[in-house]
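Participant: What follows is a single structure, and I will ask about it in a moment.
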Amino acid sequence: MAATSSPGEPNLAATSWTILGMLSYKEEVSGYDIKKWADWSIRYFYWSPSFSQIYSELRKLEKLGLATSRLDLENGARSRRLYQITQQGMDALTQWVNEAPADPPVLKHSVVLRVMNGHLADPARLKELLTEHLSYAEEMHSQAAIDAEGARAQPGWAYSHLALKWAERYYESERNLTLKMLEDLDEAAAVFDDAESGTPKLIPGYWRKVEKDVEAVKGSTPQDSGT
């Protein structure tokens, strides 16, 4: 899927822009270097591309004249291909960063999706899933904090440090939200059990009533005129 671009710039996939951005530090790097670099930086707030994706996009960037490569024969017995951004690539990336619209983030949270369907779940299993997710959030928070501190040591990485600090705070928030959901889980189970023994636990079409009620609230809320 191509990332949003502005007129006059290459129609590249998000992975291409990501890799081109990593090449913009004007260092010759291999596909392996890019993968390792992505694993301690971009993965916290976007994703870490696979080796196959990286090499495929590098070949595409080189074909478009946005990057160039050479074979390094001085790396012991094993040769490797090193990539570097071209001026054309730098110009395209600069235009993309400054002019292309940024798509709103899309949240796909598989754990919360399980909770949404909790009427079919064993409460103990939901608690287990949330506890596992809590461990994940704590680990990501810890790793992001370490990597943010590593980036802080290099002034040229000031914006990378800023992004990694955001990731550190994000996973701290994710941890706190998970703790709160764990805290609220027993209450939700109790409410559901009471409904099951009294009123029907699932009312067909009830979501339509909720939708109308929400729209009514939105319609009665004063809108900011911007003045």
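Residues in the structure tokens are named by chain (A, B, ... in the order shown) and by number from 1 within that chain; ligands are numbered from 1 in the order shown.
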Once DSSP has gone over the backbone, tell me which residues of range 19-226 of chain A are in helix (DSSP H, G or I), as a PyMOL selection string.

Facilitator: chain A and resi 19-23+31-39+42-44+51-63+87-99+110-116+118-120+123-152+155-197+206-220

Participant: Please provide the set of residues having any atom within 8 Å of Ile34 in chain A, restricted to only C-alpha atoms, with same-chain residues fewer than 3 positions apart removed, written as a ChimeraX atom specification.

Facilitator: /A:19,22,29-31,37-38,54

Participant: Contacts of range 151-161 of chain A at 12 Å or less, counting only C-alpha atoms, minus same-chain residues fewer than 3 places along, as a PDB file with N, CA and C atoms, in the first residue's frame?

Facilitator:
```pdb
ATOM      1  N   GLY A  21      14.264   7.536   4.860  1.00  0.00           N
ATOM      2  CA  GLY A  21      14.528   8.376   6.025  1.00  0.00           C
ATOM      3  C   GLY A  21      15.738   7.904   6.809  1.00  0.00           C
ATOM      4  N   MET A  22      15.925   6.612   6.900  1.00  0.00           N
ATOM      5  CA  MET A  22      17.084   6.077   7.608  1.00  0.00           C
ATOM      6  C   MET A  22      18.370   6.327   6.825  1.00  0.00           C
ATOM      7  N   SER A  24      18.822   8.983   5.145  1.00  0.00           N
ATOM      8  CA  SER A  24      19.038  10.434   5.108  1.00  0.00           C
ATOM      9  C   SER A  24      20.088  10.911   6.105  1.00  0.00           C
ATOM     10  N   TYR A  25      20.536  10.012   6.984  1.00  0.00           N
ATOM     11  CA  TYR A  25      21.612  10.381   7.912  1.00  0.00           C
ATOM     12  C   TYR A  25      22.974  10.339   7.222  1.00  0.00           C
ATOM     13  N   LYS A  26      22.945  10.091   5.909  1.00  0.00           N
ATOM     14  CA  LYS A  26      24.129  10.176   5.045  1.00  0.00           C
ATOM     15  C   LYS A  26      25.237   9.213   5.456  1.00  0.00           C
ATOM     16  N   TRP A  37      18.723  -1.284  12.977  1.00  0.00           N
ATOM     17  CA  TRP A  37      18.402   0.093  13.340  1.00  0.00           C
ATOM     18  C   TRP A  37      16.894   0.238  13.575  1.00  0.00           C
ATOM     19  N   ALA A  38      16.092  -0.325  12.669  1.00  0.00           N
ATOM     20  CA  ALA A  38      14.635  -0.243  12.802  1.00  0.00           C
ATOM     21  C   ALA A  38      14.153  -0.946  14.065  1.00  0.00           C
ATOM     22  N   TRP A  40      15.477  -1.046  16.947  1.00  0.00           N
ATOM     23  CA  TRP A  40      15.609  -0.285  18.191  1.00  0.00           C
ATOM     24  C   TRP A  40      15.076   1.137  18.056  1.00  0.00           C
ATOM     25  N   SER A  41      14.331   1.397  16.991  1.00  0.00           N
ATOM     26  CA  SER A  41      13.809   2.755  16.844  1.00  0.00           C
ATOM     27  C   SER A  41      12.377   2.753  16.319  1.00  0.00           C
ATOM     28  N   ILE A  42      12.214   2.521  15.044  1.00  0.00           N
ATOM     29  CA  ILE A  42      10.918   2.697  14.392  1.00  0.00           C
ATOM     30  C   ILE A  42       9.871   1.707  14.889  1.00  0.00           C
ATOM     31  N   TYR A  44       8.876   0.958  17.663  1.00  0.00           N
ATOM     32  CA  TYR A  44       8.100   1.407  18.813  1.00  0.00           C
ATOM     33  C   TYR A  44       6.855   2.188  18.423  1.00  0.00           C
ATOM     34  N   PHE A  45       6.868   2.801  17.245  1.00  0.00           N
ATOM     35  CA  PHE A  45       5.726   3.637  16.886  1.00  0.00           C
ATOM     36  C   PHE A  45       5.208   3.402  15.466  1.00  0.00           C
ATOM     37  N   ALA A 144      12.196   1.110  25.200  1.00  0.00           N
ATOM     38  CA  ALA A 144      12.116   2.433  24.576  1.00  0.00           C
ATOM     39  C   ALA A 144      12.890   3.458  25.391  1.00  0.00           C
ATOM     40  N   ALA A 145      12.825   3.351  26.711  1.00  0.00           N
ATOM     41  CA  ALA A 145      13.556   4.279  27.573  1.00  0.00           C
ATOM     42  C   ALA A 145      15.063   4.134  27.371  1.00  0.00           C
ATOM     43  N   ILE A 146      15.533   2.901  27.253  1.00  0.00           N
ATOM     44  CA  ILE A 146      16.960   2.654  27.032  1.00  0.00           C
ATOM     45  C   ILE A 146      17.399   3.216  25.686  1.00  0.00           C
ATOM     46  N   ASP A 147      16.609   2.952  24.641  1.00  0.00           N
ATOM     47  CA  ASP A 147      16.975   3.413  23.302  1.00  0.00           C
ATOM     48  C   ASP A 147      16.859   4.926  23.173  1.00  0.00           C
ATOM     49  N   ALA A 148      15.900   5.525  23.866  1.00  0.00           N
ATOM     50  CA  ALA A 148      15.778   6.987  23.859  1.00  0.00           C
ATOM     51  C   ALA A 148      17.006   7.620  24.498  1.00  0.00           C
ATOM     52  N   LEU A 164      11.536   8.741  20.241  1.00  0.00           N
ATOM     53  CA  LEU A 164      11.692   7.626  21.170  1.00  0.00           C
ATOM     54  C   LEU A 164      11.182   7.972  22.564  1.00  0.00           C
ATOM     55  N   LYS A 165      11.303   9.239  22.965  1.00  0.00           N
ATOM     56  CA  LYS A 165      10.720   9.663  24.241  1.00  0.00           C
ATOM     57  C   LYS A 165       9.200   9.551  24.180  1.00  0.00           C
ATOM     58  N   TRP A 166       8.647   9.899  23.003  1.00  0.00           N
ATOM     59  CA  TRP A 166       7.199   9.727  22.825  1.00  0.00           C
ATOM     60  C   TRP A 166       6.836   8.260  23.001  1.00  0.00           C
ATOM     61  N   ALA A 167       7.613   7.359  22.396  1.00  0.00           N
ATOM     62  CA  ALA A 167       7.346   5.925  22.508  1.00  0.00           C
ATOM     63  C   ALA A 167       7.432   5.468  23.962  1.00  0.00           C
ATOM     64  N   GLU A 168       8.417   5.985  24.675  1.00  0.00           N
ATOM     65  CA  GLU A 168       8.562   5.639  26.096  1.00  0.00           C
ATOM     66  C   GLU A 168       7.301   6.027  26.871  1.00  0.00           C
TER      67      GLU A 168
END
```

Participant: Set the distance at 12 Å and use only C-alpha atoms: which residues neighbour range 125-129 of chain A once local chain neighbours fewer than 2 positions away are removed? I'd like the list as a ChimeraX atom specification.

Facilitator: /A:110-123,131-136,178-186,188-189

Participant: Restricting the calculation to only C-alpha atoms, which member of A:Phe51, A:Asp194, A:Leu20, A:Arg78 is positioned closest to Asp39 in chain A?

Facilitator: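 Nearest candidate to Asp39 in chain A out of A:Phe51, A:Asp194, A:Leu20, A:Arg78: A:Phe51.
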
Participant: Looking only at the backbone, which of the residues in range 77-216 of chain A does DSSP tag as strand (DSSP E or B), as a PDB file with N, CA and C atoms, in the first residue's frame?

Facilitator:
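Wrote it out as states-v2.pdb, contents follow:
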```pdb
ATOM      1  N   ARG A  80      29.399  -7.384   1.181  1.00  0.00           N
ATOM      2  CA  ARG A  80      28.062  -6.890   1.482  1.00  0.00           C
ATOM      3  C   ARG A  80      27.788  -5.667   0.621  1.00  0.00           C
ATOM      4  N   ARG A  81      26.508  -5.411   0.374  1.00  0.00           N
ATOM      5  CA  ARG A  81      26.135  -4.258  -0.433  1.00  0.00           C
ATOM      6  C   ARG A  81      25.739  -3.115   0.495  1.00  0.00           C
ATOM      7  N   LEU A  82      26.367  -1.967   0.274  1.00  0.00           N
ATOM      8  CA  LEU A  82      26.098  -0.782   1.076  1.00  0.00           C
ATOM      9  C   LEU A  82      25.277   0.216   0.268  1.00  0.00           C
ATOM     10  N   TYR A  83      24.315   0.833   0.931  1.00  0.00           N
ATOM     11  CA  TYR A  83      23.408   1.768   0.270  1.00  0.00           C
ATOM     12  C   TYR A  83      23.578   3.172   0.840  1.00  0.00           C
ATOM     13  N   GLN A  84      23.349   4.151  -0.034  1.00  0.00           N
ATOM     14  CA  GLN A  84      23.472   5.550   0.369  1.00  0.00           C
ATOM     15  C   GLN A  84      22.415   6.361  -0.381  1.00  0.00           C
ATOM     16  N   ILE A  85      21.873   7.372   0.258  1.00  0.00           N
ATOM     17  CA  ILE A  85      20.870   8.212  -0.379  1.00  0.00           C
ATOM     18  C   ILE A  85      21.531   9.123  -1.411  1.00  0.00           C
TER      19      ILE A  85
END
```

Participant: For the atom pair CA of Ala92 in chain A and CA of Leu61 in chain A, what is the interatomic distance in Å to one decimal place?

Facilitator: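 CA of Leu61 in chain A lies at a distance of 11.1 Å from CA of Ala92 in chain A.
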
Participant: In Å, how far is it from CA of Leu58 in chain A to CA of Thr94 in chain A?

Facilitator: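 Those two atoms sit 18.1 Å apart.
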
Participant: May I ask which of the residues A:Glu187, A:Gln53, A:Arg59, A:Leu66 is the closest one to Thr86 in chain A, counting only C-alpha atoms?

Facilitator: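 Comparing A:Glu187, A:Gln53, A:Arg59, A:Leu66 against Thr86 in chain A, the winner is A:Leu66.
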